[in-house]
$ cat input33.cif   # mmCIF, C-alpha atoms
data_entry
#
loop_
_atom_site.group_PDB
_atom_site.id
_atom_site.type_symbol
_atom_site.label_atom_id
_atom_site.label_comp_id
_atom_site.auth_asym_id
_atom_site.auth_seq_id
_atom_site.Cartn_x
_atom_site.Cartn_y
_atom_site.Cartn_z
ATOM 1 C CA MET A 26 88.825 87.817 97.727
ATOM 2 C CA TYR A 27 88.597 88.325 93.958
ATOM 3 C CA ASP A 28 87.458 91.893 94.575
ATOM 4 C CA LEU A 29 91.127 92.674 95.327
ATOM 5 C CA ILE A 30 92.079 92.313 91.654
ATOM 6 C CA GLY A 31 92.983 95.723 90.277
ATOM 7 C CA LYS A 32 93.411 97.329 93.707
ATOM 8 C CA ARG A 33 96.548 99.182 94.732
ATOM 9 C CA VAL A 34 98.137 97.546 97.783
ATOM 10 C CA ARG A 35 101.093 97.790 100.137
ATOM 11 C CA VAL A 36 102.774 94.506 101.028
ATOM 12 C CA HIS A 37 104.463 94.264 104.413
ATOM 13 C CA LEU A 38 107.649 92.195 104.200
ATOM 14 C CA TRP A 39 108.786 90.109 107.192
ATOM 15 C CA ASP A 40 111.970 88.172 107.843
ATOM 16 C CA ALA A 41 112.017 84.586 109.139
ATOM 17 C CA ARG A 42 111.980 85.838 112.749
ATOM 18 C CA GLY A 43 108.823 87.873 112.199
ATOM 19 C CA ILE A 44 110.528 91.275 112.096
ATOM 20 C CA LEU A 45 109.164 93.818 109.627
ATOM 21 C CA ILE A 46 111.906 94.599 107.107
ATOM 22 C CA GLY A 47 110.049 96.888 104.723
ATOM 23 C CA SER A 48 107.170 97.208 102.334
ATOM 24 C CA VAL A 49 106.454 97.449 98.628
ATOM 25 C CA GLU A 50 103.492 98.783 96.690
ATOM 26 C CA GLY A 51 101.872 97.448 93.562
ATOM 27 C CA THR A 52 98.620 96.273 92.002
ATOM 28 C CA VAL A 53 96.871 92.956 92.647
ATOM 29 C CA SER A 54 96.696 91.069 89.346
ATOM 30 C CA ASP A 55 95.619 87.603 90.466
ATOM 31 C CA VAL A 56 94.597 85.611 93.531
ATOM 32 C CA SER A 57 94.983 81.966 94.466
ATOM 33 C CA LYS A 58 93.085 80.387 97.333
ATOM 34 C CA GLY A 59 94.375 77.586 99.561
ATOM 35 C CA VAL A 60 97.921 77.275 98.205
ATOM 36 C CA ASP A 61 100.110 74.724 99.994
ATOM 37 C CA VAL A 62 103.103 76.735 101.267
ATOM 38 C CA GLY A 63 104.819 73.828 103.004
ATOM 39 C CA GLY A 64 104.507 71.978 106.257
ATOM 40 C CA GLY A 65 100.858 71.282 105.577
ATOM 41 C CA GLN A 66 100.031 74.991 105.755
ATOM 42 C CA LYS A 67 97.703 76.535 103.225
ATOM 43 C CA ARG A 68 97.520 80.260 102.489
ATOM 44 C CA ASP A 69 95.531 82.537 100.239
ATOM 45 C CA LEU A 70 97.970 84.376 97.964
ATOM 46 C CA VAL A 71 97.834 87.467 95.781
ATOM 47 C CA LEU A 72 100.009 88.262 92.772
ATOM 48 C CA VAL A 73 101.229 91.844 93.109
ATOM 49 C CA THR A 74 102.592 93.431 89.921
ATOM 50 C CA GLY A 75 104.029 96.831 89.097
ATOM 51 C CA ILE A 76 106.529 96.751 91.972
ATOM 52 C CA GLU A 77 109.373 99.196 91.316
ATOM 53 C CA GLY A 78 112.480 100.384 93.108
ATOM 54 C CA TYR A 79 112.896 97.501 95.530
ATOM 55 C CA GLU A 80 115.722 95.000 95.386
ATOM 56 C CA SER A 81 115.350 91.721 97.209
ATOM 57 C CA PRO A 82 116.567 88.171 96.778
ATOM 58 C CA HIS A 83 112.879 87.191 96.605
ATOM 59 C CA LEU A 84 111.830 89.707 93.947
ATOM 60 C CA LYS A 85 115.068 89.923 91.932
ATOM 61 C CA GLU A 86 113.728 93.104 90.335
ATOM 62 C CA ALA A 87 111.070 91.106 88.523
ATOM 63 C CA GLY A 88 108.510 93.734 89.438
ATOM 64 C CA GLU A 89 106.039 91.151 90.687
ATOM 65 C CA GLY A 90 105.613 88.470 93.319
ATOM 66 C CA TRP A 91 103.151 86.244 95.156
ATOM 67 C CA PHE A 92 102.389 87.283 98.739
ATOM 68 C CA ALA A 93 100.190 86.001 101.557
ATOM 69 C CA ILE A 94 96.919 87.883 101.685
ATOM 70 C CA GLN A 95 97.359 88.645 105.390
ATOM 71 C CA ASP A 96 100.478 90.685 104.555
ATOM 72 C CA ILE A 97 98.738 93.198 102.295
ATOM 73 C CA GLU A 98 97.171 96.540 103.045
ATOM 74 C CA VAL A 99 94.655 97.921 100.554
ATOM 75 C CA LEU A 100 95.395 101.532 99.642
ATOM 76 C CA ASP A 101 92.037 103.179 99.010
ATOM 77 C CA GLU A 102 92.241 106.942 98.572
ATOM 78 C CA ASP A 103 88.534 107.423 99.331
ATOM 79 C CA ARG A 104 88.436 105.509 102.602
ATOM 80 C CA GLY A 105 91.991 105.705 103.902
ATOM 81 C CA LYS A 106 93.983 102.541 104.540
ATOM 82 C CA ALA A 107 92.596 99.169 105.530
ATOM 83 C CA PHE A 108 94.425 95.946 106.332
ATOM 84 C CA TRP A 109 92.949 92.946 104.586
ATOM 85 C CA ASN A 110 93.317 90.394 107.377
#
$ encode --input "input33.cif" --output "structure tokens"
Amino acid sequence: MYDLIGKRVRVHLWDARGILIGSVEGTVSDVSKGVDVGGGQKRDLVLVTGIEGYESPHLKEAGEGWFAIQDIEVLDEDRGKAFWN
């Protein structure tokens, strides 16, 4: 999981009903394993930084955010695209 640090990724954004509402791209700067996200659920999260040009109530143009690892897609120019999950 720590091998994701420094990689360029696309994050797929979903609404509460599970409908894809868009995506953002950035760089993984940190990871956190087994974070309690509520309701007794634990998720592995990645901190994605360098996000530009996307306005959202969740990001508030901060340019960074924590996302579930299963929602990222690693962008690797040499091997094409690969989903992490």
$ closest_residue --input "input33.cif" --among "A:Ile94, A:Leu100, A:Thr52, A:Asp28" --to "Lys67 in chain A" --atoms "only C-alpha atoms"
A:Ile94
$ atom_distance --input "input33.cif" --atom1 "CA of Val49 in chain A" --atom2 "CA of Val34 in chain A"
8.4 Å
$ residues_around --input "input33.cif" --residues "Gly59 in chain A" --least-positions-apart "6" --cutoff "8 Å" --atoms "all atoms listed in the file" --output "NGL selection string"
:A and (67-70)
$ atom_distance --input "input33.cif" --atom1 "CA of Leu45 in chain A" --atom2 "CA of Tyr27 in chain A"
26.4 Å
$ closest_residue --input "input33.cif" --among "A:Phe92, A:Asp101, A:Leu72, A:Lys58" --to "Val36 in chain A" --atoms "only C-alpha atoms"
A:Phe92
$ closest_residue --input "input33.cif" --among "A:Ala93, A:Ile76, A:Val62, A:Val56" --to "Arg33 in chain A" --atoms "only C-alpha atoms"
A:Ile76
$ closest_residue --input "input33.cif" --among "A:Gly43, A:Glu50, A:Leu38, A:Asp55" --to "Val99 in chain A" --atoms "only C-alpha atoms"
A:Glu50
$ atom_distance --input "input33.cif" --atom1 "CA of Ile44 in chain A" --atom2 "CA of Gly65 in chain A"
23.1 Å
$ closest_residue --input "input33.cif" --among "A:Val73, A:His37, A:Gly31, A:Arg42" --to "Gly90 in chain A" --atoms "all atoms listed in the file"
A:Val73
$ residues_around --input "input33.cif" --residues "Gly75 in chain A" --least-positions-apart "4" --cutoff "7 Å" --atoms "all atoms listed in the file" --output "VMD selection string"
chain A and resid 51 to 52 88 to 89
